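S.K.: Below is the file input.txt, with compact mmCIF, C-alpha atoms.
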# COMPACT_ATOMS: atom_id res chain seq x y z
CA MET E 1 35.35 28.06 -9.28
CA ARG E 2 32.68 25.89 -7.70
CA LYS E 3 30.08 24.42 -10.01
CA ILE E 4 26.44 25.49 -9.54
CA LYS E 5 23.76 22.85 -9.99
CA ILE E 6 20.12 23.73 -10.66
CA VAL E 7 17.19 21.97 -8.96
CA THR E 8 13.47 22.54 -9.59
CA ASP E 9 10.10 20.78 -9.28
CA SER E 10 7.62 19.21 -11.69
CA ALA E 11 5.39 22.30 -12.03
CA LEU E 12 7.68 23.80 -14.70
CA ASP E 13 6.19 21.97 -17.72
CA MET E 14 9.46 20.69 -19.20
CA THR E 15 10.09 17.13 -20.37
CA SER E 16 12.70 14.92 -18.70
CA GLU E 17 14.68 15.02 -21.98
CA GLU E 18 14.79 18.83 -21.93
CA LEU E 19 15.84 18.84 -18.27
CA GLN E 20 18.52 16.21 -18.84
CA LYS E 21 19.95 18.14 -21.78
CA LYS E 22 20.36 21.23 -19.58
CA GLY E 23 21.65 19.26 -16.58
CA ILE E 24 18.69 20.32 -14.39
CA THR E 25 17.50 18.07 -11.54
CA MET E 26 13.71 17.89 -11.09
CA VAL E 27 12.09 16.75 -7.83
CA PRO E 28 8.50 15.70 -8.64
CA LEU E 29 5.36 16.43 -6.67
CA THR E 30 2.81 13.62 -6.23
CA VAL E 31 -0.68 13.30 -7.71
CA LEU E 32 -3.42 11.02 -6.41
CA VAL E 33 -6.11 10.13 -8.92
CA ASP E 34 -8.66 7.33 -8.80
CA GLY E 35 -7.06 5.83 -5.69
CA GLU E 36 -3.60 5.59 -7.29
CA THR E 37 -0.55 7.71 -6.40
CA TYR E 38 1.94 8.81 -9.08
CA LEU E 39 5.11 10.89 -9.19
CA ASP E 40 4.05 13.88 -11.31
CA SER E 41 5.31 13.72 -14.92
CA VAL E 42 7.57 10.77 -13.99
CA GLU E 43 5.18 7.86 -13.41
CA ILE E 44 2.29 9.42 -15.33
CA SER E 45 2.35 11.64 -18.42
CA PRO E 46 0.23 14.79 -18.79
CA GLU E 47 -1.93 13.05 -21.42
CA GLU E 48 -2.43 9.87 -19.32
CA PHE E 49 -3.38 11.99 -16.33
CA LEU E 50 -6.09 13.87 -18.26
CA VAL E 51 -7.72 10.57 -19.25
CA LYS E 52 -7.63 9.31 -15.65
CA MET E 53 -8.98 12.63 -14.32
CA ALA E 54 -11.87 12.54 -16.82
CA ASN E 55 -12.82 9.05 -15.66
CA SER E 56 -12.32 9.64 -11.94
CA LYS E 57 -15.30 10.20 -9.63
CA GLU E 58 -13.25 12.41 -7.32
CA ILE E 59 -11.18 15.56 -7.82
CA PRO E 60 -7.47 14.53 -7.90
CA LYS E 61 -5.30 15.45 -4.93
CA THR E 62 -1.67 16.56 -4.93
CA SER E 63 1.17 16.74 -2.43
CA GLN E 64 4.53 18.48 -2.32
CA PRO E 65 7.79 16.51 -2.26
CA PRO E 66 8.76 15.51 1.30
CA VAL E 67 11.60 17.43 2.97
CA GLY E 68 13.58 14.17 3.11
CA ARG E 69 13.52 13.82 -0.68
CA PHE E 70 14.91 17.32 -1.17
CA LEU E 71 17.54 16.63 1.49
CA GLU E 72 18.72 13.49 -0.35
CA VAL E 73 18.96 15.41 -3.63
CA PHE E 74 20.81 18.38 -2.08
CA ASP E 75 23.29 16.18 -0.19
CA GLU E 76 23.97 14.05 -3.26
CA LEU E 77 24.43 16.98 -5.68
CA GLY E 78 26.60 18.92 -3.26
CA ALA E 79 28.83 16.00 -2.27
CA ASP E 80 31.47 17.15 -4.78
CA GLY E 81 31.49 20.68 -3.33
CA SER E 82 29.02 22.11 -5.87
CA GLN E 83 26.66 24.91 -4.87
CA ILE E 84 22.94 24.31 -5.46
CA LEU E 85 20.32 26.76 -6.67
CA SER E 86 16.82 25.34 -6.12
CA ILE E 87 14.05 27.25 -7.95
CA HIS E 88 10.42 26.40 -7.26
CA MET E 89 6.78 26.97 -8.05
CA THR E 90 5.09 29.81 -6.20
CA GLY E 91 4.89 29.37 -2.45
CA GLY E 92 1.43 30.97 -2.68
CA MET E 93 0.00 27.78 -4.19
CA SER E 94 2.11 24.96 -2.76
CA GLY E 95 4.32 24.03 0.18
CA THR E 96 7.05 22.85 -2.21
CA TYR E 97 9.19 25.97 -1.72
CA GLN E 98 8.96 25.58 2.09
CA SER E 99 9.90 21.88 1.84
CA ALA E 100 12.99 22.82 -0.16
CA LYS E 101 13.84 25.62 2.32
CA GLN E 102 13.68 23.23 5.28
CA ALA E 103 15.85 20.69 3.48
CA ALA E 104 18.38 23.40 2.56
CA GLU E 105 18.76 24.31 6.25
CA MET E 106 19.39 20.65 7.14
CA SER E 107 21.70 19.88 4.22
CA SER E 108 25.49 19.76 4.46
CA SER E 109 25.54 21.30 0.96
CA ASP E 110 25.53 25.02 0.10
CA VAL E 111 21.91 25.48 -1.07
CA THR E 112 20.06 28.66 -2.10
CA VAL E 113 16.27 28.29 -2.52
CA VAL E 114 14.24 30.68 -4.71
CA ASP E 115 10.47 31.17 -4.88
CA SER E 116 9.83 31.83 -8.58
CA ARG E 117 6.34 33.21 -7.77
CA TYR E 118 5.17 31.36 -10.88
CA ILE E 119 4.21 27.94 -12.24
CA SER E 120 4.40 26.16 -15.59
CA LYS E 121 6.52 27.62 -18.40
CA ALA E 122 6.77 30.92 -16.49
CA LEU E 123 8.74 28.96 -13.86
CA SER E 124 10.84 27.37 -16.61
CA TYR E 125 11.95 30.82 -17.87
CA GLN E 126 13.77 31.37 -14.56
CA VAL E 127 15.11 27.81 -14.38
CA LEU E 128 16.49 27.94 -17.94
CA GLU E 129 18.11 31.34 -17.36
CA ALA E 130 19.72 30.02 -14.16
CA ALA E 131 21.06 26.95 -15.99
CA ARG E 132 22.44 29.13 -18.81
CA MET E 133 24.16 31.51 -16.39
CA ALA E 134 25.54 28.68 -14.23
CA GLU E 135 27.03 27.13 -17.36
CA ALA E 136 28.57 30.51 -18.27
CA GLY E 137 30.30 30.69 -14.87
CA HIS E 138 28.18 33.29 -13.06
CA THR E 139 27.90 33.29 -9.27
CA VAL E 140 24.75 32.35 -7.31
CA GLU E 141 24.35 36.04 -6.35
CA GLU E 142 24.54 37.14 -9.99
CA ILE E 143 22.02 34.50 -11.02
CA THR E 144 19.47 35.30 -8.30
CA ALA E 145 19.72 39.03 -9.13
CA ARG E 146 19.02 38.22 -12.79
CA LEU E 147 16.06 35.99 -11.81
CA ASP E 148 14.46 39.00 -10.11
CA LYS E 149 14.58 40.75 -13.48
CA VAL E 150 13.20 37.73 -15.37
CA ARG E 151 10.35 37.59 -12.83
CA GLU E 152 9.55 41.27 -13.47
CA GLU E 153 9.46 40.64 -17.23
CA THR E 154 7.10 37.66 -16.89
CA LYS E 155 3.31 37.55 -16.98
CA LEU E 156 0.97 34.57 -16.60
CA TYR E 157 -2.78 34.29 -17.21
CA ILE E 158 -5.01 31.28 -16.67
CA MET E 159 -8.47 30.72 -18.17
CA VAL E 160 -10.48 27.91 -16.61
CA ASP E 161 -13.47 25.96 -17.90
CA THR E 162 -14.63 24.93 -14.43
CA LEU E 163 -13.86 26.26 -10.95
CA GLU E 164 -14.61 22.92 -9.29
CA ASN E 165 -10.99 21.75 -9.13
CA LEU E 166 -9.66 25.11 -7.89
CA ILE E 167 -12.31 25.38 -5.18
CA LYS E 168 -12.01 21.81 -3.91
CA GLY E 169 -8.22 21.91 -4.13
CA GLY E 170 -8.14 25.09 -2.04
CA ARG E 171 -6.06 26.96 -4.65
CA ILE E 172 -8.59 29.65 -5.47
CA GLY E 173 -6.93 32.31 -3.25
CA ARG E 174 -7.96 35.84 -4.14
CA ALA E 175 -10.01 34.54 -7.07
CA LYS E 176 -12.94 33.82 -4.73
CA GLY E 177 -14.73 36.73 -6.38
CA PHE E 178 -15.30 34.49 -9.38
CA ILE E 179 -17.66 32.18 -7.51
CA GLY E 180 -21.26 32.94 -8.39
CA SER E 181 -23.28 32.62 -11.55
CA LEU E 182 -20.75 30.69 -13.60
CA LEU E 183 -22.96 29.02 -16.17
CA ASN E 184 -20.99 29.07 -19.44
CA ILE E 185 -18.57 31.61 -18.01
CA LYS E 186 -14.81 31.16 -18.30
CA PRO E 187 -12.99 33.05 -15.53
CA ILE E 188 -9.56 34.54 -16.34
CA ALA E 189 -7.04 35.20 -13.57
CA ASN E 190 -3.39 36.20 -13.42
CA LEU E 191 -0.56 35.05 -11.18
CA ASP E 192 1.28 38.36 -10.79
CA ILE E 193 1.43 38.22 -6.99
CA GLY E 194 2.28 34.53 -6.67
CA ALA E 195 -1.41 33.66 -6.17
CA LEU E 196 -4.44 33.81 -8.45
CA SER E 197 -6.11 37.22 -8.83
CA PRO E 198 -9.31 37.68 -10.88
CA VAL E 199 -8.98 39.65 -14.12
CA THR E 200 -12.24 39.14 -16.02
CA LYS E 201 -14.81 36.57 -17.18
CA VAL E 202 -15.65 35.65 -20.77
CA ARG E 203 -18.58 33.68 -22.14
CA SER E 204 -16.84 31.76 -24.93
CA HIS E 205 -13.47 30.79 -26.34
CA ALA E 206 -13.97 33.36 -29.13
CA LYS E 207 -14.38 36.11 -26.52
CA GLY E 208 -11.35 34.70 -24.69
CA ILE E 209 -9.24 35.08 -27.85
CA LYS E 210 -10.52 38.65 -28.28
CA PHE E 211 -9.67 39.51 -24.65
CA PHE E 212 -6.13 38.12 -24.87
CA VAL E 213 -5.36 39.77 -28.20
CA GLU E 214 -6.46 43.16 -26.82
CA GLN E 215 -4.87 42.70 -23.38
CA LEU E 216 -1.54 41.38 -24.66
CA GLY E 217 -1.48 43.87 -27.53
CA GLY E 218 -1.46 46.65 -24.93
CA GLU E 219 1.01 44.97 -22.59
CA LEU E 220 3.52 44.13 -25.32
CA LYS E 221 3.61 47.56 -26.94
CA GLY E 222 7.26 48.69 -27.02
CA LYS E 223 8.39 45.29 -25.69
CA GLU E 224 10.41 42.49 -27.24
CA LEU E 225 9.25 38.93 -26.56
CA VAL E 226 11.81 36.50 -25.15
CA HIS E 227 9.36 33.62 -24.56
CA PHE E 228 5.68 33.03 -25.28
CA SER E 229 4.02 29.82 -24.10
CA ILE E 230 0.54 28.34 -24.07
CA VAL E 231 -0.23 25.22 -22.05
CA HIS E 232 -3.58 23.49 -21.75
CA ALA E 233 -5.40 20.71 -19.94
CA GLY E 234 -6.95 18.95 -22.91
CA SER E 235 -10.65 19.03 -23.77
CA ASN E 236 -11.45 21.74 -26.34
CA SER E 237 -8.65 23.96 -25.03
CA ALA E 238 -6.20 22.51 -27.58
CA ALA E 239 -8.07 24.18 -30.47
CA PHE E 240 -8.24 27.45 -28.49
CA SER E 241 -4.47 27.28 -27.94
CA GLU E 242 -3.75 26.85 -31.66
CA LYS E 243 -6.06 29.74 -32.57
CA LEU E 244 -4.48 32.02 -29.95
CA LYS E 245 -1.00 31.05 -31.19
CA GLU E 246 -1.97 32.18 -34.72
CA GLU E 247 -3.26 35.50 -33.39
CA ILE E 248 -0.14 36.13 -31.27
CA ILE E 249 2.18 35.41 -34.21
CA LYS E 250 0.09 37.70 -36.42
CA MET E 251 0.11 40.48 -33.81
CA THR E 252 3.75 40.31 -32.67
CA GLY E 253 5.66 38.58 -35.47
CA PHE E 254 7.20 36.37 -32.74
CA LYS E 255 7.15 32.88 -34.27
CA ASP E 256 8.57 30.82 -31.40
CA VAL E 257 5.22 30.36 -29.58
CA GLU E 258 5.23 27.00 -27.81
CA ILE E 259 2.12 24.93 -27.06
CA GLY E 260 1.96 21.91 -24.75
CA VAL E 261 -0.20 19.86 -22.40
CA THR E 262 0.37 21.02 -18.84
CA ALA E 263 1.75 18.81 -16.05
CA PRO E 264 -0.64 16.64 -13.97
CA ILE E 265 0.13 18.76 -10.91
CA ILE E 266 -1.33 21.82 -12.68
CA SER E 267 -4.22 20.06 -14.47
CA ALA E 268 -5.31 18.61 -11.13
CA HIS E 269 -5.98 22.10 -9.76
CA ALA E 270 -6.85 24.06 -12.91
CA GLY E 271 -9.29 21.39 -14.10
CA PRO E 272 -10.03 19.99 -17.57
CA GLY E 273 -10.09 22.54 -20.37
CA ALA E 274 -7.93 25.11 -18.55
CA VAL E 275 -5.43 27.18 -20.54
CA GLY E 276 -2.30 28.97 -19.30
CA ILE E 277 -0.93 31.89 -21.32
CA MET E 278 2.46 33.28 -20.32
CA TYR E 279 5.33 35.28 -21.67
CA GLN E 280 8.59 37.01 -20.86
CA ALA E 281 9.14 40.36 -22.58
CA LYS E 282 11.88 42.96 -22.20
CA ASN E 283 11.90 46.61 -23.15
CA ALA E 284 12.72 46.95 -26.85
Spell out the structure here as C-alpha cells.
M.R.:
Amino acid sequence: MRKIKIVTDSALDMTSEELQKKGITMVPLTVLVDGETYLDSVEISPEEFLVKMANSKEIPKTSQPPVGRFLEVFDELGADGSQILSIHMTGGMSGTYQSAKQAAEMSSSDVTVVDSRYISKALSYQVLEAARMAEAGHTVEEITARLDKVREETKLYIMVDTLENLIKGGRIGRAKGFIGSLLNIKPIANLDIGALSPVTKVRSHAKGIKFFVEQLGGELKGKELVHFSIVHAGSNSAAFSEKLKEEIIKMTGFKDVEIGVTAPIISAHAGPGAVGIMYQAKNA
C-alpha cells in the first residue's frame, strides 16, 4: 500500500514540534511587518510578531506561499511514490488553497488538495485526523470523506477588539455589517461558510463570556466534545481566554481545553486582542 503524506499551511496554529511528531509537512505563508518579511511561525514566533505589530506604524501584510514552493514540496514528498493529501486554510480568506491546487496540477506526484473551510485549530482538527487515518492505513478517499464529517462537527467564532486590521487587510467579507458605531464594541463573527459572517456585538469581555456560555451551552446540548480550543492575539485577550476556559470546563466537564497565542498570519488580520473560539463536537 502506498504511503500517504499530509501537507498543510501555517494557519493551523500548531508548533513545529507537534507537526514533526505527527510527520506533517507545513508550508508557511509570509508576513510583512515594519518593512521586514518573515516566514510565518518559522522565522518569527506568534509572541514576537505581536510585539512587532504593536510597534509598527502600518497594518502588517501577508502573502500566500508561491505555487513554486508547493510544487517543490509535492515533488519531493512524492518522489518515493507516496500519495499526498494537502489540507489548507479556507479559500474564502486566502489564495493558499488555490496555490496548492495549481501546484498539484503541475506536480508529477499524486496530490489531493482539500479546502478545510477553516483556520487556526479548527483547521488542525482536520489535519490531525488525516494524519491519524493515514498512519492507520486508510485510503485518500476514506480520509477525505471523514474530513467532510469533521468539518460538519466543527464550529469557529472570532471576537475582535478592532476592525482596523480586517478592513485594511480586505478579509472582512460578509462581516461588513459590523462597520459603524464601534466605540467600545467587540464584534463577534463565525466562519461557518468559509468566510466571516456577523453574529453579534458585545460591549465588554464580561458580556462576551456571557454570550459564549449561552451560545455554546445551546449548541453543545446532546453533543460530546472532541476538541475545544481558544487562541488569542495578546493584549487583554489572554485573561479573557483563561476565564472562558474555566466557564467551558464548568459547563461541559470537558477538561482538555487548549489555549494558545495565534499564528502571525491570523493576528495580522484579526488584529491585537482578537480571540478565536472553536470546537469539534459529535452527537453523544
S.K.: If we draw a sphere of 6 Å around (17.6, 29.6, -7.7), which residues have at least one atom in it when counting all atoms listed in the file? Please report them as a list in words.
M.R.: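 It turns out the residues near that spot are Leu85, Ser86, Ile87, Val113 and Val114 of chain E.
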S.K.: Let me make sure I understand: among E:Glu135, E:Asp161, E:Glu47, E:Asp115, which one has the smallest atom-to-atom distance to E:Gly273 if we use only C-alpha atoms?
M.R.: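 Closest to E:Gly273 of all the choices is E:Asp161.
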S.K.: Expressed in Å to a single decimal, how great is the separation between atom CA of E:Thr62 and atom CA of E:Tyr118?
M.R.: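 The value is 17.4 Å.
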S.K.: Using all atoms listed in the file, can you list as a list of chain:residue names the residues within 8 Å of (17.3, 17.4, -8.0)?
M.R.: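 Selection result: E:Ile6, E:Val7, E:Thr8, E:Ile24, E:Thr25, E:Met26, E:Val27, E:Phe70, E:Val73, E:Phe74, E:Leu77.
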S.K.: Using all atoms listed in the file, I'd like a table of the residues in stretch 20-137 of chain E that come within 12 Å of stretch 228-238 of chain E; for each, show the closest atom pair and its distance in Å rounded to one decimal, ordered by chain and ascending number, as CSV.
M.R.:
residue,atom,partner,partner_atom,distance
E:Pro46,CA,E:Ala233,CA,8.3
E:Glu47,CA,E:Gly234,CA,7.9
E:Glu48,CA,E:Gly234,CA,10.8
E:Phe49,CA,E:Ala233,CA,9.7
E:Leu50,CA,E:Gly234,CA,6.9
E:Val51,CA,E:Gly234,CA,9.2
E:Met53,CA,E:Ala233,CA,10.5
E:Ala54,CA,E:Ser235,CA,9.6
E:Ile119,CA,E:Val231,CA,11.1
E:Ser120,CA,E:Val231,CA,8.0
E:Lys121,CA,E:Ser229,CA,6.6
E:Ala122,CA,E:Ser229,CA,8.2
E:Leu123,CA,E:Ser229,CA,11.3
E:Ser124,CA,E:Ser229,CA,10.4
E:Tyr125,CA,E:Phe228,CA,10.0
S.K.: Please provide as a VMD selection string all residues within 12 Å of E:Arg146, with the sequence filter that same-chain residues fewer than 2 positions apart are discarded (counting only C-alpha atoms).
M.R.: chain E and resid 116 125 to 134 138 to 144 148 to 153
S.K.: Rounded to one decimal in Å, what is the spacing between atom CA of E:Pro60 and atom CA of E:Met159?
M.R.: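 These atoms are spaced 19.2 Å apart.
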S.K.: Can you work out the spacing between atom CA of E:Ile248 and atom CA of E:Ile209 in Å, to one decimal?
M.R.: 9.8 Å
S.K.: Find the spatial neighbours of E:Lys210, counting only C-alpha atoms, within a cut-off of 10 Å - ignore same-chain residues fewer than 5 positions away - and output them as a ChimeraX atom specification.
M.R.: /E:202,204-205,215,244,247
S.K.: Which of these, E:Asp256, E:Glu214, E:Pro66, E:Met14, has the shortest distance to E:Lys101 once you count all atoms listed in the file?
M.R.: E:Pro66
S.K.: Restricting the calculation to all atoms listed in the file: of E:Glu105, E:Lys186, E:Pro272, E:Asp192, which residue gets closest to E:Asn55?
M.R.: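 So, comparing all the options, the nearest one is E:Pro272.
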S.K.: Pick out the residues sitting within 8 Å of E:Asn283, and hand them over as an NGL selection string; count all atoms listed in the file, and ignore anything fewer than 2 positions along from it in its own chain.
M.R.: :E and (222-224 or 281)
S.K.: May I ask which of the residues E:Leu191, E:Ala104, E:Met93, E:Ala79 is the closest one to E:Thr154, counting only C-alpha atoms?
M.R.: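 Checking each candidate against E:Thr154, we get E:Leu191 as the closest.
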S.K.: Nearest residue to E:Ile59 out of E:Ser267, E:Ser94, E:Asn190, E:Thr30, using all atoms listed in the file?
M.R.: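 Counting all atoms listed in the file, the residue closest to E:Ile59 is E:Ser267.
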